[in-house]
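Below: the structure, in structure tokens.
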Amino acid sequence: MSETTNQAFAEHAIALTLNGQSRQLNVQPWSTLLDVLREQLDLVGTKKGCDHGQCGACTVLRDGKRVNACLTLAVMCDGAELTTIEGLADGDTLHPMQQSFIKHDAFQCGYCTPGQICSAVGLANEGRAQTADQIKELMSGNLCRCGAYTNILAAVEEALPQSAAKASAVSEGGIDA
Amino acid sequence: MNPFHYSKPVDVSQAISLAGAASRFIAGGTNLLDLMKENIARPEHLIDITGLPLKDVRETASGGLLIGAMVSNADLAWHPLVEQRYPLLSQAILAGASPQLRNMASTGGNLLQRTRCYYFYDSAVPCNKREPGSGCPAKDGLNRIHAILGASEDCVATHPSDMCVALAALDAVVHVEGRGGKRTIEFADFHRLPEDAPQRDNQLADDELITAIELPPQGFVAHSHYLKIRDRASYAFALVSVAAALELDGDIIRDVRLALGGVAHKPWRDKAVEQSLIGQPVSRENFVAAAEAILRDAKPLEHNAFKVKLAQRAIVRALSDAATGGKA
Amino acid sequence: MNAKINPPGYVSPVGQPLDRVDGHLKVTGQARYAGEYPQAGLLFGSVVSSNIACGRVLRIDASRALQVKGVVAVIDHTNRPHVASYDKDYEDADSAEGSPFRPLYNDRVLYSGQPLALVVADTLELARHAGSLVRIEYETDAHQTDLMAAQGNAHTAPAETPKPRGDFETAFTQAAITVDACYSTPNEHHNPMEPHASTVMYQDDGSLEIHDKTQGTQNCQDYLHKVFGLEKDKIRVLAAFVGGAFGSGLRPQYQLPLAVMAALHLKRSVRVTLTRQQMFTFGYRPHTLQRLRLGATADGRLLAVGHDVIGQTSRFEDFTEHVVEWSGMLYQCDNVQLTYKLAPLDVYTPLDMRAPGATSGMVGLECALDELAYATGVDPVKLRAINFADRNGNEDKPYSSKELLACYEQGADRFGWSQRNSEPRSMRQGRQLVGWGMAGGVWEAMQMKASAKARIDASGKLTVSSATTDIGTGTYTVMTQIAAEAAGMTPQDVTFVLGDSSLPTAPLQGGSFTVSSVGTAVQQACRALRAKLLDAVRMAHPEFAVVDMEEVGFGDGCLHIRGQRFSYADIVRASSHETLEVQVDAEPDEKREGYSTATHSAVFVEVLVDEDLGTVRVNRVVSAVAAGRVVNPKTARSQILGGVVWGISQAMHEETQNDQHLGRFMNHSLAEYHIPVNADIGDIDVMFVEENDDIVNELGSKGVGEIGIVGVASAIANAVYHATGKRVRDFPITLDKVL
């Protein structure tokens, strides 16, 4: 095996905050964040729908911003603060966005749902969506093959103010992140 | 994906010194990883440039903006100075990709996006851009999304970026740095037409890194519009897009910029046509004449003839909307 | 039925908009799908696919792949485990006629994208990388993948299309008004968000526990039993959650046998997950070419209906669907001629996809009806009402119920149809042309045999189970409601278990027959459980030994008898058993036989068309549905919403494009195979029209998974015509066709 290949398979130590907990991980350069979450950490709530940034099922929050985990190398997450669907609820209390998705039946098969919810929380953090049309446009990075868009819009519309308030409270240190 | 080794330099000179023919810089990774997963890009070494100090947007002495190559697409689109002074750029960025991808993708990386041609993306079939000399099945194949201007026998691919269309219209300048030093490249010269070397999308050398994009002071704040036409309402590449900007004196055109996306291997501008509009009044007839002139040399393929008509109408629409202040 | 025992204000759980019982698991990321079960030492398989459409494999060179550290095996047709030799062993519950595809069977290449090898490695990344190092040499034969070019070679489909009735040719020739038009629908791939995956857990005793993405756990179990010669009790197939399927899981897909081959070959646990690109390498909705000929009186009464369809199929199987039947049953017409042919191509066999057949065939019929409306000058809603049929002419049977006229009326009213100016191009809104169009929809209301088990424990909790699945349709939830009503309990005390081949037999989940089939079994099992509870009370309380069932009430989790109440928990505790349990096998009631059963809909659509740019926006949809009793209006509405989105997708977006020179689908990604995004979807208003049906099944419920899509694409095309005066007959209606 060539030297390049040996280097390529060498593991890199990274440190990050994952769902509020500090984690030290050893990852190979070619592992995506998505595969590390799903295969190494058994956090399978983050879904793989296309593996190419074309569906949004893998959406997670990186430093509060929504990103596609499938196009993120884990090795490039050293020092990042990550939140996945598993980290949104506060113990048994669901995040308002999760609650709203249940209330409005904003999913069917549930496979795009974690990505939709993380994306909606990211949307709230951005503070850029005021109207239904803006929500629809800014939620268009998440495909739903079951066609639950009408209910996703209703769920996001209702939970957006509460989620945004929660986000600003966190950023101001008002809530323990 | 091929295995590769990874390093993360802390400054530009270190990054450049690591670069070579088998290396690639990685920032957002939104296109590069996509290509690596399909074995289209097979770097042996990835140089992570997210640690480089290229994340600022600052005003230049001349009153323009210097945008660090590592500024994310989302941050750029929503940067107060960009929203205020270059609404065309802001609109174009927000018309592209998805919110997630815009959070990840960098300004420099956006310029280096590769075509979305089906054949380029499928390593089971020939493609001159992917494997020089293997052939171009798109030319006589499924070419509804392909180029109508500036294509060659070897390649009919289009450039997929929206942001670049606005940057072309705004006469941006690309700042690059390599082992030979720094240089600037006019935006119009940055991307290439395919000719007989479609594997090369742009003028960058292997060791050169985009460090910044400079915008001249003229941002066409009052009269600009980015119009993107695509197969669905969002999250799709342009069939045709138009960046239109006007400087008006009453209804007389003092300056005009027109750049097209989705029609060629690079953002398409025709300065002669722009020149012909200067001094003319804003009128549908003048816009139609300009639109027809830009497309005069269009060479449509079997499935994309509609793009000629669509581009002409889109130009007229974008110019008209720009003239009325960018509002429909 | 329990009104006399239940407290005042009791409302049956059936008919309530209950939140999904699996909602919490889905919004917290705790719901695990087929490719998400971990196991120490699990191996990962990566599929290597063919680049050519037709020919033979000369050589598979896996040497470079095998040199990669961590690669455990490369399996191909030369070294796979033994598999069955006869076609019948590869057949499954949704097989097409012919010779089913056999993965890694021999050196024949039957279509581009065919799996030719499986690389198995310690990690996903290694397997994928090594897969790219496998070199395959081919002997290439000429291929044909173009239906247009091959239509001359079409043969009559081996399907029982209704016999011609009356004299179509004469009636059509002599009709005052005729429409003769051709339509086409493209190939479409299901593309559920979850790619197909199978995790095969190899057990110490050699048995297999398999998490598979499927719409039929027992279908997969049976398939593996026959193909690999394994005893059924050595194979357990599980599917607790399925990330969408829409038909893609009706047949065992190739990742399943490949994963099993690897597990048997290596005696280890293996997972195979397909890539998104590979989701374009098996079944799909087939391309159809259609000709519609309608003859009518000047005032719009149908005299002749002719519907001729050519669909594509593979060289190895004749895939058929109900594509022309609808034209002989939706409207009253005495002279009907329906033909259906298939053209074999060098492609994979098509596969049922949401409302298979109806989604395609109704495009032709309902667009042609609109053309007839314009030819006769009769309003499209009125034209359909004039030709309403209360008997299914194909079968010459009355419908068990058909509230289609109410769908027309109430849908039109909700939409504001009376304000429509029928003249094309007559309505505008700023720059946009406004178009209003409508169409009708129909789907069969079938029922299959199904079984269910009901078990109640000493804490009064009821567990009901059946081997069915929940592909997002809400099965967990609606079965909970049906069981709660039948057992006289609250849904909170009921758990429904599904997705396990070891549970009581259930049919494939598809065709909108799950509520009807499994729901009936669940209802009957819970009713039988009541009898068992009464028996237990009789045993424990001799004073009730001769009490009649009619004297007993069941509600609130209690048995009520002569003023006394016994909680189910107490009854179980007092019995000599830990639980009381009953299993039933349900089948369609004989009284169905004299009737035709179907769901219906009327779909109204508003489009906005930017004529300069050709862009079409579906701004507003009203879908009025008659589907019998609605078990859960919340989840049922979601089914219809989803169906409408699918219809929009069919009308405007979906098309898998084949490069005929290469014989290969090329837009094999979610970036280029377009389905709608959130921004594409306007207002969708779903209404359920009241429809009472005591023939279809005891629940009176018909199922709503398919009806939502049927007719939507035609309504959109008809609206585009109304807006622009342009009749687009080749789907999808992309902007280049409107420009």
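Order determines the names: the first chain of the structure tokens is A, the second B, and so forth; residues in each chain are numbered 1 upward, and ligands are numbered 1 upward as they are shown.
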
Original post:
What are the residues of chain B that have an atom within 7 Å of an atom of chain A, counting only C-alpha atoms, as a list of chain:residue names?
Top reply: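 Taking only C-alpha atoms into account, B:Pro3, B:Phe4, B:His5, B:Tyr6, B:Gly29, B:Thr30, B:Leu33, B:Asp34, B:Ser98, B:Pro99, B:Gln100, B:Leu101, B:Asn103, B:Met104, B:Ser234, B:Tyr235 sit within 7 Å of chain A.
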
Original post:
What residues in chain C lie within 6 Å of chain B, counting only C-alpha atoms, written as a ChimeraX atom specification?
Top reply: /C:51,129,659,666,679-680,736

Original post:
In Å, how far is it from CA of Glu317 (chain C) to CA of Gly244 (chain C)?
Top reply: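 We find that CA of Glu317 (chain C) and CA of Gly244 (chain C) lie 25.3 Å from each other.
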
**OP:** For chain C, report every residue with an atom at most 7 Å from chain A (counting only C-alpha atoms), formatted as an MDAnalysis selection string.
**Re:** chainID C and resid 19 23 26:30 36 125 192:195 242:244 276 471:473 638 641:642 645:646 670:671 677:679

Original post:
region 37-169 of chain A: which residues are helix (DSSP H, G or I) by DSSP, as a ChimeraX atom specification?
Top reply: /A:37-40,69-71,74-77,85-87,96-103,113-126,132-138,149-169

Original post:
By how many Å are CA of Gly206 (chain C) and CA of Leu264 (chain C) apart?
Top reply: 8.2 Å

**OP:** May I have the residues within 6 Å of region 49-56 of chain B as a list in words, using only C-alpha atoms and disregarding those fewer than 3 positions away in the same chain?
**Re:**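 That gives Val10, Asp11, Ala27, Gly68, Ala69, Met70 and Val71 of chain B.
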
Subject >> Test item: residues at most 9 Å from region 38-41 of chain C, only C-alpha atoms, excluding those fewer than 6 positions along its chain, as number ranges by chain >> reply: A: 39, 42; C: 122, 199, 201, 268-270

**OP:** Between C:Arg80, C:His577, C:Arg664, C:Lys726, single out the one closest to Ile456 (chain C), counting only C-alpha atoms.
**Re:**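 Of C:Arg80, C:His577, C:Arg664, C:Lys726, the one nearest Ile456 (chain C), counting only C-alpha atoms, is C:His577.
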
**OP:** Using DSSP on the backbone, list every residue of chain A that comes out as strand (DSSP E), and give them as an MDAnalysis selection string.
**Re:** chainID A and resid 12:18 21:27 59:62 65:68 81:83

Original post:
What's the 10 Å shell around Ala368 (chain C), counting only C-alpha atoms, without same-chain residues fewer than 2 positions away, as a ChimeraX atom specification?
Top reply: /C:179-183,291-294,362-366,370-374,714,718,729

Selection file, N, CA and C atoms, as a PDB file, in the first residue's frame:
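Contents of the output file selection_32.pdb:
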```
ATOM      1  N   VAL C 179     -64.128  12.975 -30.913  1.00  0.00           N
ATOM      2  CA  VAL C 179     -62.777  13.374 -30.499  1.00  0.00           C
ATOM      3  C   VAL C 179     -61.882  12.189 -30.799  1.00  0.00           C
ATOM      4  N   ASP C 180     -60.747  12.458 -31.437  1.00  0.00           N
ATOM      5  CA  ASP C 180     -59.780  11.395 -31.729  1.00  0.00           C
ATOM      6  C   ASP C 180     -58.413  11.993 -31.430  1.00  0.00           C
ATOM      7  N   ALA C 181     -57.840  11.612 -30.312  1.00  0.00           N
ATOM      8  CA  ALA C 181     -56.608  12.273 -29.882  1.00  0.00           C
ATOM      9  C   ALA C 181     -55.640  11.272 -29.265  1.00  0.00           C
ATOM     10  N   CYS C 182     -54.354  11.563 -29.407  1.00  0.00           N
ATOM     11  CA  CYS C 182     -53.308  10.707 -28.851  1.00  0.00           C
ATOM     12  C   CYS C 182     -52.608  11.411 -27.693  1.00  0.00           C
ATOM     13  N   TYR C 183     -52.314  10.654 -26.676  1.00  0.00           N
ATOM     14  CA  TYR C 183     -51.645  11.170 -25.478  1.00  0.00           C
ATOM     15  C   TYR C 183     -50.476  10.248 -25.143  1.00  0.00           C
ATOM     16  N   ARG C 291     -54.421   6.274 -27.452  1.00  0.00           N
ATOM     17  CA  ARG C 291     -55.338   6.916 -28.405  1.00  0.00           C
ATOM     18  C   ARG C 291     -56.740   6.824 -27.823  1.00  0.00           C
ATOM     19  N   LEU C 292     -57.385   7.963 -27.773  1.00  0.00           N
ATOM     20  CA  LEU C 292     -58.752   8.038 -27.271  1.00  0.00           C
ATOM     21  C   LEU C 292     -59.666   8.444 -28.411  1.00  0.00           C
ATOM     22  N   ARG C 293     -60.711   7.667 -28.585  1.00  0.00           N
ATOM     23  CA  ARG C 293     -61.741   8.059 -29.558  1.00  0.00           C
ATOM     24  C   ARG C 293     -63.082   8.095 -28.841  1.00  0.00           C
ATOM     25  N   LEU C 294     -63.673   9.265 -28.835  1.00  0.00           N
ATOM     26  CA  LEU C 294     -64.981   9.433 -28.210  1.00  0.00           C
ATOM     27  C   LEU C 294     -65.972   9.882 -29.265  1.00  0.00           C
ATOM     28  N   MET C 362     -56.243   7.274 -17.034  1.00  0.00           N
ATOM     29  CA  MET C 362     -57.205   8.354 -16.817  1.00  0.00           C
ATOM     30  C   MET C 362     -56.713   9.673 -17.407  1.00  0.00           C
ATOM     31  N   VAL C 363     -55.414   9.768 -17.674  1.00  0.00           N
ATOM     32  CA  VAL C 363     -54.909  10.957 -18.375  1.00  0.00           C
ATOM     33  C   VAL C 363     -55.581  11.041 -19.745  1.00  0.00           C
ATOM     34  N   GLY C 364     -55.557   9.922 -20.457  1.00  0.00           N
ATOM     35  CA  GLY C 364     -56.167   9.927 -21.781  1.00  0.00           C
ATOM     36  C   GLY C 364     -57.659  10.198 -21.698  1.00  0.00           C
ATOM     37  N   LEU C 365     -58.348   9.422 -20.870  1.00  0.00           N
ATOM     38  CA  LEU C 365     -59.814   9.529 -20.817  1.00  0.00           C
ATOM     39  C   LEU C 365     -60.255  10.933 -20.394  1.00  0.00           C
ATOM     40  N   GLU C 366     -59.666  11.457 -19.325  1.00  0.00           N
ATOM     41  CA  GLU C 366     -60.178  12.703 -18.778  1.00  0.00           C
ATOM     42  C   GLU C 366     -59.724  13.933 -19.555  1.00  0.00           C
ATOM     43  N   ASP C 370     -62.440  16.434 -21.748  1.00  0.00           N
ATOM     44  CA  ASP C 370     -62.365  17.894 -21.807  1.00  0.00           C
ATOM     45  C   ASP C 370     -62.403  18.368 -23.265  1.00  0.00           C
ATOM     46  N   GLU C 371     -61.736  17.625 -24.126  1.00  0.00           N
ATOM     47  CA  GLU C 371     -61.762  17.980 -25.548  1.00  0.00           C
ATOM     48  C   GLU C 371     -63.202  17.850 -26.072  1.00  0.00           C
ATOM     49  N   LEU C 372     -63.906  16.820 -25.571  1.00  0.00           N
ATOM     50  CA  LEU C 372     -65.301  16.631 -25.977  1.00  0.00           C
ATOM     51  C   LEU C 372     -66.179  17.765 -25.440  1.00  0.00           C
ATOM     52  N   ALA C 373     -65.865  18.217 -24.225  1.00  0.00           N
ATOM     53  CA  ALA C 373     -66.640  19.333 -23.657  1.00  0.00           C
ATOM     54  C   ALA C 373     -66.540  20.553 -24.575  1.00  0.00           C
ATOM     55  N   TYR C 374     -65.319  20.807 -25.056  1.00  0.00           N
ATOM     56  CA  TYR C 374     -65.165  21.959 -25.962  1.00  0.00           C
ATOM     57  C   TYR C 374     -65.803  21.697 -27.313  1.00  0.00           C
ATOM     58  N   SER C 714     -54.811  15.216 -15.415  1.00  0.00           N
ATOM     59  CA  SER C 714     -55.730  15.628 -16.491  1.00  0.00           C
ATOM     60  C   SER C 714     -56.358  16.974 -16.163  1.00  0.00           C
ATOM     61  N   ASN C 718     -56.097  20.150 -18.524  1.00  0.00           N
ATOM     62  CA  ASN C 718     -57.318  20.816 -18.983  1.00  0.00           C
ATOM     63  C   ASN C 718     -57.316  22.286 -18.574  1.00  0.00           C
ATOM     64  N   ARG C 729     -50.563  17.223 -24.961  1.00  0.00           N
ATOM     65  CA  ARG C 729     -51.022  15.831 -24.836  1.00  0.00           C
ATOM     66  C   ARG C 729     -49.895  14.872 -24.454  1.00  0.00           C
TER      67      ARG C 729
END
```

Subject >> Nearest candidate to Ala169 (chain A) (options A:Glu81, A:Asn125, A:Gly20, A:Glu157; using only C-alpha atoms) >> reply: A:Asn125

Original post:
How many Å lie between CA of Glu543 (chain C) and CA of Glu581 (chain C), rounded to one decimal?
Top reply: 24.0 Å

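Residues lying within 7 Å of Ile148 (chain B), counting only C-alpha atoms and ignoring same-chain neighbours fewer than 3 positions away, are Ala151, Val263, Ala264, Ala298, Lys299 and Pro300 of chain B.
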
Subject >> Residue contacts of Lys453 (chain C) (6 Å, only C-alpha atoms) excluding same-chain residues fewer than 5 positions away, as a PyMOL selection string >> reply: chain C and resi 464-465+582-583
